[in-house]
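A.B. asks: First, the structure itself, so that you have it in front of you.
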Amino acid sequence: PIPCVPWQSQTSGHIHERKAVVSTQSTWVVGSFLILNLFVAILLSRMGDEDETKWAQEAALMKAMALNKENPASLEENLYDKQRRIVELLERRAFIQDEERNRRKMKSSRNKMQIDGLALGVFPPENKFRIAVHKLVKNPIFEGTIDFLIFVNCIFLALDDQERGKKHEDLFFLSDLVFIIIFVIEMILKMIALGMWSAPLFANERWGTLDADDNSKEYDYWKEKVKEKITVLGTVDPFQINVNIHTKGIVTQLKRSNKGHLLVEWWTLHKLRFLFKDQLLMAVFKHVEDEQDENNSGWSQWTSQGDPPAGVPSSYLEESERLSRPLEDEDVNKVCCSWDMSNRSHNAYMSSNWNRLDGFVVLVSVLGAFFPNLTMFRAFRAIRPLRIAVRIDQVKVVLGALVRAVPAMLNVMVFCFSFWFVLGILGTTFFMGQFRSCHCKEGYEEGDQQNDPGAYEKLYYGDTWGDKEMKTREDCREFPGECEWRDEWFNFNDIFQAIHSLFVLATMSNWNEIMYNGVDANGMDNLPKVDNTFLYSIYFIIIIIVCAFFSLNLIVSVVVDNFNRIKDENDGSALRTETQERWVQLRRLTDRMGLVRVLHQPEENWRLVAYRIVEYYFFDPFILGCIILNTMMMCIEHYGISEELNIMLKIFDYIFIAIFTVEAILKITAYGWGQYWADNWNKFDFIIVLVGLVSLFDLFGGAGVNVLRLFRVGRVLRLINKAQTLKTLFLTLLYSIPSLWNIGLLLFVIFFIYAIVGMELFGDIETPDTWFEQHDEKVTFLDFTLALNVLYRVGSGDGWTSVYIRYLRDIDFSKIYQVYIYFMTFFVVGSLVMINLFIAVILDLFDEEQRNQEKMNKLWAVKEWTRVWMLYDTNADGWISVKNFIETLKRTPASKKDENGEELGGPGLMSWNEDDDILQLKRSSSISRGHVTSDKQQSESEKEVNLSKRQILEHLLKLNLLVELRVDHDTPYDGTVQKVDIWGRTQKSDAGGIRDVESSSSMNWCVEYTHALVVLSTRVTQINLEIPELKRDQKYISQWYAETYGLQKLYEELITEDARRAQNERLLPSVLAASSSEEMMGTSSPPEPPSKPAETELVPIR
């Protein structure tokens, strides 16, 4: 008979077990989630303090110290010169940053398929064969075919495992050869069409940049020289060159060639470039900007236009005539007109890093075809999926950000390695040769596998084997074959093994086993003794703090910090494309300022009762409490539940189904089906209620009922709509989807590559009959799916060292370096960097949320405009007529002052005072609760704004808002009462009776809400949103207003005035600051320009 255990003792045991679980989990949460991530937070906080403002201050301080050292005199003229040069340094830094941002944008937006330069030193741009190849290469069908073939090649790589590879060896070899030939032909065709190298192979003239910090005197000299020439050009042609304005600028770049040419870039109202040769001005180039299309902006040579004024010196006229002649040297002209002042062919095949990566993959494939027996080249076939990655913008943006973070990561690794090196030396001092022990196997017979760790037992000091007490290495050798003297895989025998062990300890996978091996160390050639030297545990604790908490988190922090810098440079996210960034910004804006459907009160008494119930203050909290209680009841269910408890839970489930069904019926009755179904959360609630009702009946059998009962979990999601904090977190997760998708794509590419490499390197390692741990037969690279499973386990860091040890043990010793490189690089790239990018996304989102909150505070007037819009668009369909839209602008404030007295702009036409703030709070309170009642809105008094047609037209001209001809359903704001029938149809009640609003609709020019919201928001604050282009069936609202009210002549005059005003406002503030520094520094006249330095004093070209 089986002895019965008392129930009380079982309960006591379960209680102690649960206490242990709670204690362990809470310790793990606090220690791992909180304490460990505090290191990341502290490191990111310190790195966040290092911004461009601080760097600029340090650069100015270093410059001031250098100037004081150069000229310690504190005379007034010296003080002026020092201040001027420091100001110019700061302005030049600001220009370089802005220019680098513009150049990256220009580089990405340029026409990348334009023919430029000499291809392969043979084909000029006008060559007919090159033009024909270029047409073929830029054809979308050609690119699509290549992408499809790359995808098919990746499928063949995934199928080429050990079993299929031996069975269909010829098929895989021929297919691989065909793909290689196709990709080589593709690369050659692109080299012919676009050219191969960016730098010309046979250039007669070489150019170099003069650094501003090392050549400050030369920059000063050419600054005065440029001012002198601007005076000449402005005197001859004052229409193009304004002397008073264009002389106020700074020299931003100096380029010098080995042929005596010197190119000066001047930053002023217009960007100008002056080409000198031996002090003689050869040509002047002016940057021409196309405001409609930035891709059409570029550089053109300055030529005199019109007749010069009377009294111009003849020398000025002769120089102007000479400068108007086109340059004969095409290479020099190319340098002067290029966006980066170089003679490079920016569309050449090897000028793009992505093409270089693509070419490297093809080259490795060719080498692999010539040397098929070399494992290295066969393994490198796995990088072919990178060819797909470089063709997907979502992957390129993440990969590009990671590549930019590599230099900082390498610096951090070198910094951390210095600490690791010290700890490794200490480890070799403490434990060299002391991690070895005697491993014995019972029932050993000849021919048994000796490398199976599961069959051997590790002995400790004083253990007995047979009749022998085991203490030393000599004792172990008395049992040959049956016992072996083995070393641990992670030891401190030399500095390499010590660093290797530190890396494993830093990953914190089974780190306690290594620590216990150190604590048990008992000297050279002695068996380990349990807890021999407990003080050695302090050494391993220090390793965990320095190597795991600090070093690895420092690498993650550097990557995240680099992403933040890229985000600041791009004014967006480092992990999203421009299209995704605009989508996120638009969703943020529309979620915060989306239209709220006006819920009209019904007229029928029986519906009015339901309306008052659902609008009652305690109705929503009651439903929220029922959802929470229902969730708690679902959590009580468990395996082995008693019959009584199961019946009670079923009764509660029926009660909750009834409550939620009554809630849905009441809302449908109160609001009408149309208004109820228009809300997405109501749709979700209705589906959950419907599924709950169906689950009450056994219509699909037991299994079908269980599946339907799973939908009860959806009731928990209703909390998202009821709790504002949960809703905010849900929206944060929604905004992170594009970034997470991009990272996931790149992560899959990395997993794919490492899976193919693993299949090639370790696919021939057979699984032994016995294994060290459970399911070890699945930890293999025999096929693609198993390889992905192994990599996922390693990437998660969950006991990955056991997989690592298995392949260190099973592979041939001559190839053990492959295991080291493979697993350690994958853990760094796949786990440490890539998976931690998800943390970077979440941190980035919370930082963006804070920044967007500051922007949203400036959109107070847009919120007021949204409230007024809803007075006309009661159905929240997002369209109103143009006339009603103009009325919304009349009722929207133009500007107001905040609590600090700062002026906050608005998109409207109405003035604003302090009394209006109180009214605004009352209006916004109902909107923030999730719905608006029309009666309260229509009872509010609105200001009457009387404006002239010219004022309205001027305001509309600034908006660039598009209008479209469509059916108009909106209702004029005339104070009439609206109501909704049971089907949700909006009706209007006035002296003429009751009529449907939809029946009175007509074709009219209308404004779309989202487009208007984007236009007004971008006018008030800087939000990265794309304004749609004009389509055939649309027109600008200013054009419509002018045509409707006969103001075409005034419209043309205002357009001319606006263009002239925009031209006058283009003078950059920083240039004015730099040029006006002479007046601010208290000197009556600037010093004489420095004389030209001798040729021998010039600093060599960098």
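Letters A, B, ... go to the chains of the structure tokens in the order shown; residues in each chain start at 1; ligands are counted from 1 in the same order.
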Quick one: residues within 10 Å of Val362 (chain A), only C-alpha atoms counted, chain neighbours fewer than 6 positions away excluded, as a list in words?
C.D. replies: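 Those residues are Phe179, Ile180, Ile181, Ile182, Phe183, Val184, Glu186, Met187, Arg356, Gly368, Arg381, Ile383, Arg384 and Arg387 of chain A.
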A.B. asks: So that I have them on file, write out the residues from the current selection with C-alpha atoms, as a short mmCIF file (atom, residue, chain, number, x, y, z; two decimals), in the first residue's frame.
C.D. replies:
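File produced: again29.cif:
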```
data_model
loop_
_atom_site.label_atom_id
_atom_site.label_comp_id
_atom_site.auth_asym_id
_atom_site.auth_seq_id
_atom_site.Cartn_x
_atom_site.Cartn_y
_atom_site.Cartn_z
CA PHE A 179 23.83 32.32 -59.73
CA ILE A 180 27.49 33.35 -59.55
CA ILE A 181 27.65 33.94 -63.32
CA ILE A 182 24.46 36.02 -63.25
CA PHE A 183 25.67 38.17 -60.34
CA VAL A 184 29.08 38.72 -61.95
CA GLU A 186 25.18 42.19 -63.15
CA MET A 187 28.19 43.74 -61.41
CA ARG A 356 31.17 47.68 -52.14
CA GLY A 368 34.39 29.85 -53.62
CA ARG A 381 28.48 31.85 -49.25
CA ILE A 383 26.80 36.37 -46.62
CA ARG A 384 24.83 36.46 -49.87
CA ARG A 387 22.63 41.50 -51.01
#
```
A.B. asks: Residues at most 12 Å from Asn204 (chain A), counting only C-alpha atoms, excluding those fewer than 5 positions away in the same chain, as a PDB file with C-alpha atoms, in the first residue's frame?
C.D. replies:
```pdb
ATOM      1  CA  ALA A 199      38.190  58.979 -57.967  1.00  0.00           C
ATOM      2  CA  SER A 257      45.294  71.639 -55.960  1.00  0.00           C
ATOM      3  CA  ASN A 258      48.810  70.700 -56.982  1.00  0.00           C
ATOM      4  CA  LYS A 259      48.397  72.886 -60.106  1.00  0.00           C
ATOM      5  CA  ASP A 329      39.177  73.088 -67.890  1.00  0.00           C
ATOM      6  CA  GLU A 330      36.281  70.659 -67.432  1.00  0.00           C
ATOM      7  CA  ASP A 331      37.904  68.911 -64.468  1.00  0.00           C
ATOM      8  CA  VAL A 332      38.261  72.159 -62.526  1.00  0.00           C
ATOM      9  CA  ASN A 343      36.319  65.718 -58.775  1.00  0.00           C
TER      10      ASN A 343
END
```
A.B. asks: Going by DSSP on the backbone, which residues of region 147-333 of chain A come out as helix (DSSP H, G or I)? List them as number ranges by chain.
C.D. replies: A: 147-159, 162-167, 169-194, 216-236, 243-246, 294-296, 314-323, 330-333
A.B. asks: What is the CA of Asp525 (chain A) to CA of Phe540 (chain A) distance in Å?
C.D. replies: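 Result for CA of Asp525 (chain A) versus CA of Phe540 (chain A): 22.6 Å, one decimal.
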A.B. asks: Using CA of Phe656 (chain A) and CA of Glu637 (chain A) as the two end points, give the distance in Å to one decimal.
C.D. replies: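 Answer for the CA of Phe656 (chain A) to CA of Glu637 (chain A) separation: 15.8 Å.
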A.B. asks: Enumerate as a JSON list (two decimals) with C-alpha atoms, in the first residue's frame all residues of region 193-372 of chain A assigned to strand (DSSP E or B) by DSSP on the backbone, naming them with the chain letters and numbers the document uses.
C.D. replies:
```
[["chain", "number", "residue", "atom", "x", "y", "z"],
["A", 207, "TRP", "CA", 42.88, 68.46, -54.61],
["A", 208, "GLY", "CA", 43.24, 68.65, -50.83],
["A", 209, "THR", "CA", 41.45, 70.40, -47.97],
["A", 250, "ILE", "CA", 32.80, 83.63, -43.40],
["A", 251, "VAL", "CA", 35.14, 81.30, -45.23],
["A", 252, "THR", "CA", 33.93, 77.76, -44.63],
["A", 253, "GLN", "CA", 36.30, 75.69, -46.78],
["A", 254, "LEU", "CA", 39.57, 76.02, -48.67],
["A", 255, "LYS", "CA", 40.57, 73.52, -51.36],
["A", 256, "ARG", "CA", 44.00, 73.65, -53.03],
["A", 257, "SER", "CA", 45.29, 71.64, -55.96],
["A", 261, "HIS", "CA", 44.28, 76.41, -58.06],
["A", 262, "LEU", "CA", 42.61, 77.42, -54.81],
["A", 263, "LEU", "CA", 38.85, 77.21, -54.27],
["A", 264, "VAL", "CA", 37.26, 79.32, -51.52],
["A", 265, "GLU", "CA", 33.73, 78.62, -50.28],
["A", 266, "TRP", "CA", 31.99, 81.69, -48.87],
["A", 267, "TRP", "CA", 28.90, 81.49, -46.68],
["A", 272, "LEU", "CA", 29.52, 81.47, -53.28],
["A", 273, "ARG", "CA", 32.73, 79.85, -54.48],
["A", 274, "PHE", "CA", 35.76, 81.77, -55.70],
["A", 275, "LEU", "CA", 38.37, 80.06, -57.86],
["A", 276, "PHE", "CA", 41.85, 81.58, -57.70],
["A", 277, "LYS", "CA", 45.07, 80.71, -59.45],
["A", 280, "LEU", "CA", 44.19, 85.82, -59.78],
["A", 281, "LEU", "CA", 40.44, 85.29, -59.58],
["A", 282, "MET", "CA", 39.47, 82.88, -62.38],
["A", 283, "ALA", "CA", 35.72, 82.34, -61.83],
["A", 284, "VAL", "CA", 32.89, 82.78, -59.34],
["A", 285, "PHE", "CA", 30.19, 80.18, -58.75],
["A", 286, "LYS", "CA", 26.82, 80.77, -57.14],
["A", 287, "HIS", "CA", 24.54, 78.21, -55.52],
["A", 288, "VAL", "CA", 21.11, 78.22, -57.16],
["A", 298, "GLY", "CA", 23.11, 73.16, -57.85],
["A", 299, "TRP", "CA", 26.04, 75.42, -58.71],
["A", 300, "SER", "CA", 26.39, 77.63, -61.76],
["A", 301, "GLN", "CA", 29.08, 80.07, -62.86]]
```
A.B. asks: Nearest residue to Glu58 (chain A) out of A:Ile241, A:Leu194, A:Leu90, A:Val406, using only C-alpha atoms?
C.D. replies: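 Between A:Ile241, A:Leu194, A:Leu90, A:Val406, the residue approaching Glu58 (chain A) most closely is A:Leu90.
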A.B. asks: Using only C-alpha atoms, can you tell me which of A:Ile743, A:Leu608, A:Leu953, A:Ala658 comes closest to Glu1052 (chain A)?
C.D. replies: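 With only C-alpha atoms as the atom set, the closest residue is A:Leu953.
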A.B. asks: CA of Phe419 (chain A) to CA of Thr825 (chain A): how many Å, to one decimal?
C.D. replies: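 Distance reported for this atom pair: 20.3 Å.
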A.B. asks: Compare A:Thr732, A:Thr429, A:Asn526, A:Gln114 by their minimum atom-to-atom distance to Asn347 (chain A), counting only C-alpha atoms, and give me the closest one.
C.D. replies: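 Nearest to Asn347 (chain A): A:Gln114.
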A.B. asks: Fewer than 2 positions away in the same chain doesn't count, so skip those; otherwise give me all residues within 10 Å of region 1035-1046 of chain A, counting only C-alpha atoms, as a PyMOL selection string.
C.D. replies: chain A and resi 882-883+886+949-950+952-965+1005-1007+1030-1033+1048-1052
